[in-house]
>>> print(open('input.txt').read())   # compact mmCIF, C-alpha atoms
# COMPACT_ATOMS: atom_id res chain seq x y z
CA MET O 23 0.00 0.00 0.00
CA SER O 24 1.42 3.37 -0.90
CA THR O 25 1.87 5.93 1.81
CA GLU O 26 -0.38 8.45 0.01
CA THR O 27 -3.35 6.47 1.24
CA ALA O 28 -2.82 7.69 4.82
CA THR O 29 -6.07 9.28 5.91
CA GLU O 30 -4.68 10.87 9.05
CA THR O 31 -1.29 11.95 10.34
CA LEU O 32 -0.12 11.92 13.93
CA ASP O 33 2.94 14.05 14.65
CA VAL O 34 4.81 12.83 17.75
CA LYS O 35 8.14 14.38 16.85
CA GLY O 36 10.11 15.44 19.92
CA GLN O 37 8.38 12.89 22.15
CA ASN O 38 10.15 9.90 23.58
CA CYS O 39 9.08 6.50 24.90
CA PRO O 40 6.31 5.70 25.82
CA MET O 41 4.44 8.61 24.22
CA PRO O 42 4.55 7.54 20.53
CA VAL O 43 2.78 4.24 21.27
CA ILE O 44 0.25 5.79 23.64
CA LYS O 45 -0.66 8.57 21.21
CA THR O 46 -0.79 6.08 18.33
CA LYS O 47 -3.31 4.03 20.29
CA GLY O 48 -5.37 7.18 20.98
CA ALA O 49 -5.41 8.22 17.32
CA PHE O 50 -6.03 4.66 16.16
CA ASP O 51 -9.17 4.42 18.30
CA GLY O 52 -10.59 7.41 16.46
CA LEU O 53 -10.07 5.91 12.98
CA ALA O 54 -12.85 4.52 10.82
CA ALA O 55 -12.50 1.01 9.40
CA GLY O 56 -10.14 0.99 6.44
CA ASP O 57 -8.39 4.24 7.44
CA VAL O 58 -4.60 4.40 7.50
CA LEU O 59 -2.85 6.37 10.22
CA GLU O 60 0.56 7.87 9.53
CA VAL O 61 2.69 8.33 12.66
CA VAL O 62 5.75 10.55 12.42
CA SER O 63 8.24 10.16 15.25
CA THR O 64 11.80 11.16 16.10
CA ASP O 65 12.14 8.31 18.60
CA SER O 66 14.20 5.49 17.06
CA GLY O 67 12.66 3.08 19.59
CA SER O 68 9.28 3.70 17.99
CA MET O 69 10.27 1.30 15.19
CA SER O 70 10.06 -1.74 17.45
CA ASP O 71 7.50 -0.26 19.86
CA ILE O 72 4.83 0.52 17.27
CA LYS O 73 5.49 -2.77 15.48
CA GLY O 74 4.95 -4.66 18.74
CA TRP O 75 1.87 -2.63 19.56
CA ALA O 76 0.30 -3.30 16.15
CA GLU O 77 1.06 -7.02 16.42
CA SER O 78 -0.75 -7.27 19.77
CA THR O 79 -3.65 -5.01 18.90
CA GLU O 80 -6.71 -6.51 17.30
CA GLY O 81 -7.71 -4.73 14.14
CA ALA O 82 -4.38 -2.93 13.74
CA GLU O 83 -2.29 -3.78 10.71
CA LEU O 84 1.18 -2.32 10.27
CA VAL O 85 1.29 -1.52 6.58
CA ASP O 86 4.73 0.05 6.38
CA GLN O 87 7.58 1.54 8.41
CA LYS O 88 10.34 3.69 7.05
CA GLU O 89 13.17 5.98 8.03
CA ALA O 90 13.57 9.38 6.45
CA THR O 91 15.41 12.61 7.16
CA GLU O 92 13.64 15.89 7.81
CA ASP O 93 15.72 19.05 8.31
CA GLY O 94 18.76 16.88 8.98
CA THR O 95 17.00 14.90 11.73
CA PRO O 96 16.09 11.25 11.35
CA VAL O 97 12.34 10.63 11.45
CA TYR O 98 10.54 7.33 11.64
CA LYS O 99 7.26 6.92 9.79
CA HIS O 100 4.74 4.25 10.56
CA TYR O 101 1.56 3.38 8.68
CA VAL O 102 -1.13 1.56 10.61
CA ARG O 103 -4.36 0.47 8.98
CA LYS O 104 -7.57 -0.18 10.86
CA ALA O 105 -9.19 -3.44 9.76
CA GLU O 106 -12.56 -3.27 7.98
CA MET U 1 -13.19 -47.68 19.57
CA SER U 2 -14.87 -50.67 21.12
CA ALA U 3 -12.88 -53.84 21.73
CA ASP U 4 -15.27 -56.06 19.77
CA THR U 5 -14.71 -54.21 16.48
CA PRO U 6 -10.96 -54.37 15.86
CA PRO U 7 -9.55 -52.82 12.69
CA SER U 8 -9.87 -55.26 9.82
CA SER U 9 -6.79 -57.27 8.97
CA ASP U 10 -5.67 -54.87 6.22
CA GLY U 11 -5.49 -51.96 8.72
CA GLU U 12 -8.63 -50.17 7.47
CA PHE U 13 -11.21 -48.88 9.93
CA SER U 14 -14.71 -50.23 9.71
CA PRO U 15 -17.57 -47.78 9.02
CA ASP U 16 -18.65 -48.24 12.65
CA ASP U 17 -15.20 -47.20 13.90
CA LEU U 18 -15.21 -44.14 11.69
CA ALA U 19 -18.65 -43.10 12.87
CA GLU U 20 -17.55 -43.45 16.47
CA LEU U 21 -14.38 -41.43 15.85
CA ARG U 22 -16.39 -38.74 14.10
CA GLU U 23 -18.68 -38.52 17.12
CA GLN U 24 -15.70 -38.20 19.45
CA ILE U 25 -14.19 -35.46 17.30
CA GLU U 26 -17.47 -33.56 17.27
CA ALA U 27 -17.76 -33.82 21.05
CA LEU U 28 -14.19 -32.51 21.45
CA GLU U 29 -14.82 -29.66 19.02
CA THR U 30 -17.86 -28.60 21.03
CA GLU U 31 -15.85 -28.75 24.23
CA VAL U 32 -13.00 -26.66 22.77
CA SER U 33 -15.39 -24.03 21.43
CA ASP U 34 -17.18 -23.85 24.81
CA LEU U 35 -13.85 -23.37 26.56
CA ARG U 36 -12.81 -20.73 24.06
CA ASN U 37 -16.03 -18.80 24.63
CA GLU U 38 -15.50 -19.01 28.36
CA VAL U 39 -11.99 -17.52 28.01
CA ASP U 40 -13.17 -14.77 25.64
CA GLU U 41 -15.97 -13.79 27.97
CA GLY U 42 -13.52 -13.41 30.85
CA SER U 43 -12.33 -9.92 31.75
CA ALA U 44 -9.67 -8.14 29.70
CA ASP U 45 -5.98 -8.65 30.38
CA ARG U 46 -5.02 -7.04 33.65
CA MET U 47 -1.84 -5.63 35.17
CA VAL U 48 -1.26 -4.44 38.71
CA ILE U 49 1.80 -2.50 39.81
CA ILE U 50 2.60 -1.72 43.42
CA ALA U 51 4.64 1.53 43.46
CA THR U 52 6.58 1.98 46.70
CA LYS U 53 9.34 4.42 45.74
CA GLY U 54 9.12 8.17 45.32
CA THR U 55 12.46 9.26 43.92
CA LEU U 56 12.60 10.85 40.49
CA ASP U 57 14.16 7.79 38.85
CA MET U 58 11.82 5.30 40.50
CA ALA U 59 8.68 7.28 39.66
CA TYR U 60 9.11 6.62 35.95
CA PRO U 61 8.97 2.82 35.52
CA PRO U 62 5.48 2.32 37.02
CA LEU U 63 3.95 5.19 35.05
CA ILE U 64 5.62 4.26 31.76
CA LEU U 65 4.59 0.61 32.07
CA ALA U 66 1.08 1.50 33.20
CA SER U 67 0.35 3.88 30.34
CA THR U 68 1.95 1.50 27.82
CA ALA U 69 -0.07 -1.48 29.05
CA ALA U 70 -3.23 0.63 28.74
CA ALA U 71 -2.31 1.26 25.10
CA PHE U 72 -2.10 -2.52 24.68
CA GLY U 73 -5.68 -2.80 25.93
CA TYR U 74 -4.88 -3.87 29.50
CA ASP U 75 -6.92 -2.88 32.51
CA VAL U 76 -4.25 -1.35 34.72
CA THR U 77 -4.14 -0.53 38.41
CA VAL U 78 -1.17 1.13 40.11
CA PHE U 79 -1.36 0.96 43.87
CA HIS U 80 0.88 3.66 45.41
CA THR U 81 2.06 3.12 48.94
CA PHE U 82 4.69 4.65 51.24
CA TRP U 83 6.99 6.93 49.21
CA GLY U 84 5.17 5.90 46.06
CA LEU U 85 2.48 8.35 47.20
CA GLU U 86 4.81 11.22 46.29
CA ILE U 87 4.21 10.38 42.62
CA LEU U 88 0.49 11.11 42.99
CA HIS U 89 0.94 14.16 45.23
CA GLU U 90 0.20 17.05 42.91
CA GLU U 91 2.72 19.43 44.44
CA ASN U 92 5.48 17.00 45.46
CA SER U 93 5.42 15.12 42.15
CA LYS U 94 6.82 18.18 40.40
CA ASP U 95 9.83 18.24 42.70
CA LEU U 96 10.75 14.60 43.32
CA GLY U 97 14.18 14.14 44.85
CA LEU U 98 17.15 12.07 43.83
CA SER U 99 20.16 11.19 45.94
CA SER U 100 23.62 10.36 44.74
CA VAL U 101 24.64 9.07 48.16
CA GLY U 102 24.88 5.29 48.13
CA ASN U 103 24.36 5.15 44.37
CA PRO U 104 27.61 3.78 42.91
CA ASN U 105 26.48 4.73 39.41
CA MET U 106 26.53 8.44 40.20
CA PRO U 107 29.78 10.11 39.19
CA LEU U 108 30.32 11.61 42.65
CA PRO U 109 32.18 10.26 45.69
CA ASN U 110 29.80 9.72 48.63
CA ALA U 111 31.77 12.20 50.77
CA ILE U 112 30.95 14.99 48.31
CA ALA U 113 27.45 13.74 47.49
CA ALA U 114 26.60 14.00 51.20
CA LEU U 115 27.23 17.77 51.32
CA PRO U 116 24.19 19.99 51.91
CA GLY U 117 22.33 20.88 48.72
CA MET U 118 23.84 18.06 46.66
CA ASP U 119 20.62 16.04 46.43
CA ARG U 120 18.77 19.05 45.04
CA MET U 121 21.52 19.60 42.51
CA THR U 122 21.52 15.94 41.45
CA ALA U 123 17.74 15.99 41.02
CA ARG U 124 17.93 19.21 39.01
CA MET U 125 20.60 17.75 36.71
CA MET U 126 18.49 14.63 36.16
CA ARG U 127 15.41 16.73 35.44
CA ASN U 128 17.34 18.75 32.85
CA ARG U 129 18.49 15.54 31.19
CA ILE U 130 14.95 14.24 31.11
CA GLU U 131 13.83 17.41 29.38
CA ASP U 132 16.76 17.42 26.95
CA ASN U 133 15.95 13.85 25.92
CA ASP U 134 12.29 14.56 25.15
CA VAL U 135 11.19 12.30 28.00
CA ALA U 136 7.77 13.19 29.38
CA SER U 137 7.50 14.79 32.83
CA ILE U 138 5.93 12.87 35.71
CA GLU U 139 2.93 15.19 35.53
CA GLU U 140 2.43 14.44 31.82
CA LEU U 141 2.66 10.70 32.44
CA ILE U 142 0.11 10.91 35.23
CA GLU U 143 -2.32 12.87 33.06
CA THR U 144 -1.74 10.43 30.19
CA SER U 145 -2.24 7.40 32.42
CA LEU U 146 -5.47 8.77 33.86
CA ALA U 147 -6.73 9.68 30.39
CA SER U 148 -5.94 6.12 29.24
CA GLY U 149 -8.12 4.69 31.99
CA VAL U 150 -5.33 3.61 34.36
CA ASP U 151 -6.59 3.40 37.94
CA LEU U 152 -4.01 5.27 40.03
CA GLN U 153 -4.65 4.37 43.65
CA ALA U 154 -3.29 6.00 46.80
CA CYS U 155 -3.04 3.68 49.81
CA GLN U 156 -5.23 5.12 52.56
CA MET U 157 -3.10 3.85 55.43
CA THR U 158 0.01 5.64 54.11
CA ILE U 159 -1.98 8.79 53.27
CA ASP U 160 -2.80 8.95 57.00
CA LEU U 161 0.68 7.88 58.05
CA LEU U 162 2.41 10.61 56.05
CA GLY U 163 -0.18 13.20 57.09
CA TYR U 164 -1.53 13.87 53.59
CA ASP U 165 -5.03 14.93 52.63
CA GLU U 166 -7.08 13.41 49.82
CA ASP U 167 -7.13 16.82 48.12
CA ASP U 168 -3.34 16.76 47.85
CA PHE U 169 -3.52 14.25 45.02
CA TYR U 170 -4.23 14.68 41.33
CA ASP U 171 -7.90 14.72 40.31
CA GLY U 172 -8.89 11.23 39.29
CA VAL U 173 -6.67 9.45 41.81
CA THR U 174 -8.52 6.75 43.77
CA THR U 175 -8.24 7.04 47.56
CA GLY U 176 -9.78 5.01 50.38
CA VAL U 177 -8.17 1.75 49.25
CA GLY U 178 -6.00 -0.66 51.18
CA ALA U 179 -3.94 -3.81 51.02
CA ALA U 180 -6.98 -6.07 50.65
CA SER U 181 -8.21 -4.40 47.47
CA ALA U 182 -4.66 -4.32 46.09
CA PHE U 183 -4.30 -8.02 46.86
CA GLN U 184 -7.62 -8.87 45.21
CA ASP U 185 -6.59 -6.95 42.10
CA MET U 186 -3.26 -8.78 42.06
CA ALA U 187 -4.94 -12.17 42.41
CA ASP U 188 -7.04 -11.42 39.32
CA ALA U 189 -4.22 -9.92 37.27
CA ASP U 190 -2.08 -11.47 34.54
CA ILE U 191 0.94 -9.35 35.51
CA GLN U 192 1.85 -8.19 39.00
CA LEU U 193 4.89 -6.01 39.69
CA LEU U 194 6.38 -4.47 42.80
CA VAL U 195 8.39 -1.35 42.04
>>> encode(input="input.txt", output="C-alpha cells")
Amino acid sequence: MSTETATETLDVKGQNCPMPVIKTKGAFDGLAAGDVLEVVSTDSGSMSDIKGWAESTEGAELVDQKEATEDGTPVYKHYVRKAE
Amino acid sequence: MSADTPPSSDGEFSPDDLAELREQIEALETEVSDLRNEVDEGSADRMVIIATKGTLDMAYPPLILASTAAAFGYDVTVFHTFWGLEILHEENSKDLGLSSVGNPNMPLPNAIAALPGMDRMTARMMRNRIEDNDVASIEELIETSLASGVDLQACQMTIDLLGYDEDDFYDGVTTGVGAASAFQDMADADIQLLV
C-alpha cells in the first residue's frame, strides 16, 4: 500500500518512549475502518514499539515503516491500517 | 473404539469405527469451542503495579509501564504506597528528589554527594536531562495514564501515616483503598509487579 493512502497523520516528533505508542493508540481508536494512520516520530525506539503494539492489537495492521530525514534529523514513519 | 470391532486385517477402519471417531471429534470440538467462549468472555488482560518508591528515577517505571499497558488494551491498576504516594501528590510530584549518596552509578564520591544541597543539585541535573531527551514529565505521564483509563490508587493507610489529605492528590486518583483491594486486584491480574 502506498503511503499516500494515509487518511490521518499523527505528529509525535520530539516525544520519547512511551508517548509515541500511547498517542498512536489514541489516534487509532478514532479511525474509521479501512483508514490508514501515519505516525511521524523522532524516537528510534518507535520502530520496534509501534510494530509490537500493532502485532498485539486486534484490528491494527502495520502496513509500512520507514526511516527518512527531515531538516537533517532522522524521522521514523509508521503506517497503521484499521481493519474493515 | 470398542474392543469387539478391531480394525480389519488390512489396517482399514470399519464404518462403525469411523462413525464413532467422528462422534468423538465432534464432542471434542464442542468442548473446545465452549472453553474458548468461556476464556473470551472473561475480563480483559489485567496488570497491577505496586509503586513503593518516590524518587525521580523510581517514579518513571510504574507510570511508563502502566500507560503503555493501557495502550495494549490492558486494565491497569497502580497501587501507590509509602513513598510511592509522592508520585500522585500534585505538588510533590513536580519536585521529586534524587540522591547520589549510596548510588555507585553516580559520578560523585559519597563524601561529596553527602554535602548539603547536593541532592537538590543531582535531582535538578536529572530533570534537565529528562527534558533534553524529550522524555515526558511525571505530571504528563500521570495525566496520560489517567486519560488512558489507568486506575491510580493511593493507599489510605500511608496517606494517613504521612499526614496527607485526599485533596493533595491529582484529580482522578482513587483514595480510600487498602492492602486487601490491592491483593484482590493482584490475584485477578495477569501481571503483578512491585516497584
>>> residues_around(input="input.txt", residues="range 78-89 of chain U", least_positions_apart="3", cutoff="7 Å", atoms="all atoms listed in the file", output="PyMOL selection string")
chain U and resi 48-54+59+92-93+151-155+158+168-170+182
>>> interface_residues(input="input.txt", of="chain U", to="chain O", cutoff="12 Å", atoms="only C-alpha atoms", output="compact mmCIF listing (two decimals) with C-alpha atoms, in the coordinates of the input")
# COMPACT_ATOMS: atom_id res chain seq x y z
CA ASP U 45 -5.98 -8.65 30.38
CA TYR U 60 9.11 6.62 35.95
CA PRO U 61 8.97 2.82 35.52
CA PRO U 62 5.48 2.32 37.02
CA LEU U 63 3.95 5.19 35.05
CA ILE U 64 5.62 4.26 31.76
CA LEU U 65 4.59 0.61 32.07
CA ALA U 66 1.08 1.50 33.20
CA SER U 67 0.35 3.88 30.34
CA THR U 68 1.95 1.50 27.82
CA ALA U 69 -0.07 -1.48 29.05
CA ALA U 70 -3.23 0.63 28.74
CA ALA U 71 -2.31 1.26 25.10
CA PHE U 72 -2.10 -2.52 24.68
CA GLY U 73 -5.68 -2.80 25.93
CA TYR U 74 -4.88 -3.87 29.50
CA ILE U 130 14.95 14.24 31.11
CA GLU U 131 13.83 17.41 29.38
CA ASP U 132 16.76 17.42 26.95
CA ASN U 133 15.95 13.85 25.92
CA ASP U 134 12.29 14.56 25.15
CA VAL U 135 11.19 12.30 28.00
CA ALA U 136 7.77 13.19 29.38
CA SER U 137 7.50 14.79 32.83
CA GLU U 140 2.43 14.44 31.82
CA LEU U 141 2.66 10.70 32.44
CA GLU U 143 -2.32 12.87 33.06
CA THR U 144 -1.74 10.43 30.19
CA SER U 145 -2.24 7.40 32.42
CA ALA U 147 -6.73 9.68 30.39
CA SER U 148 -5.94 6.12 29.24
CA GLY U 149 -8.12 4.69 31.99
>>> atom_distance(input="input.txt", atom1="CA of Ile191 in chain U", atom2="CA of Phe50 in chain O")
24.9 Å
>>> atom_distance(input="input.txt", atom1="CA of Leu32 in chain O", atom2="CA of Leu59 in chain O")
7.2 Å
>>> residues_around(input="input.txt", residues="range 106-109 of chain U", least_positions_apart="2", cutoff="12 Å", atoms="only C-alpha atoms", output="list in words")
Leu98, Ser99, Ser100, Val101, Gly102, Asn103, Pro104, Ala111, Ile112, Ala113, Ala114, Leu115, Met118, Asp119, Met121, Thr122, Ala123, Met125 and Met126 of chain U
>>> residues_near_point(input="input.txt", point="(8.9, 8.6, 14.1)", cutoff="8 Å", atoms="all atoms listed in the file", output="CSV table (one decimal) with C-alpha atoms, in the coordinates of the input")
chain,number,residue,atom,x,y,z
O,34,VAL,CA,4.8,12.8,17.8
O,35,LYS,CA,8.1,14.4,16.8
O,42,PRO,CA,4.6,7.5,20.5
O,61,VAL,CA,2.7,8.3,12.7
O,62,VAL,CA,5.8,10.6,12.4
O,63,SER,CA,8.2,10.2,15.2
O,64,THR,CA,11.8,11.2,16.1
O,65,ASP,CA,12.1,8.3,18.6
O,66,SER,CA,14.2,5.5,17.1
O,68,SER,CA,9.3,3.7,18.0
O,69,MET,CA,10.3,1.3,15.2
O,89,GLU,CA,13.2,6.0,8.0
O,97,VAL,CA,12.3,10.6,11.4
O,98,TYR,CA,10.5,7.3,11.6
O,99,LYS,CA,7.3,6.9,9.8
O,100,HIS,CA,4.7,4.2,10.6
>>> atom_distance(input="input.txt", atom1="CA of Thr91 in chain O", atom2="CA of Ala54 in chain O")
29.6 Å
>>> axis_aligned_box(input="input.txt", around="range 136-143 of chain U", padding_each_side="4 Å", output="AutoDock Vina command-line options")
--center_x 2.7 --center_y 12.9 --center_z 32.5 --size_x 18.1 --size_y 12.5 --size_z 14.3
>>> residues_around(input="input.txt", residues="Arg103 in chain O", least_positions_apart="4", cutoff="8 Å", atoms="all atoms listed in the file", output="JSON, numbers by chain")
{"O": [56, 57, 58, 59, 82, 83, 84, 85]}
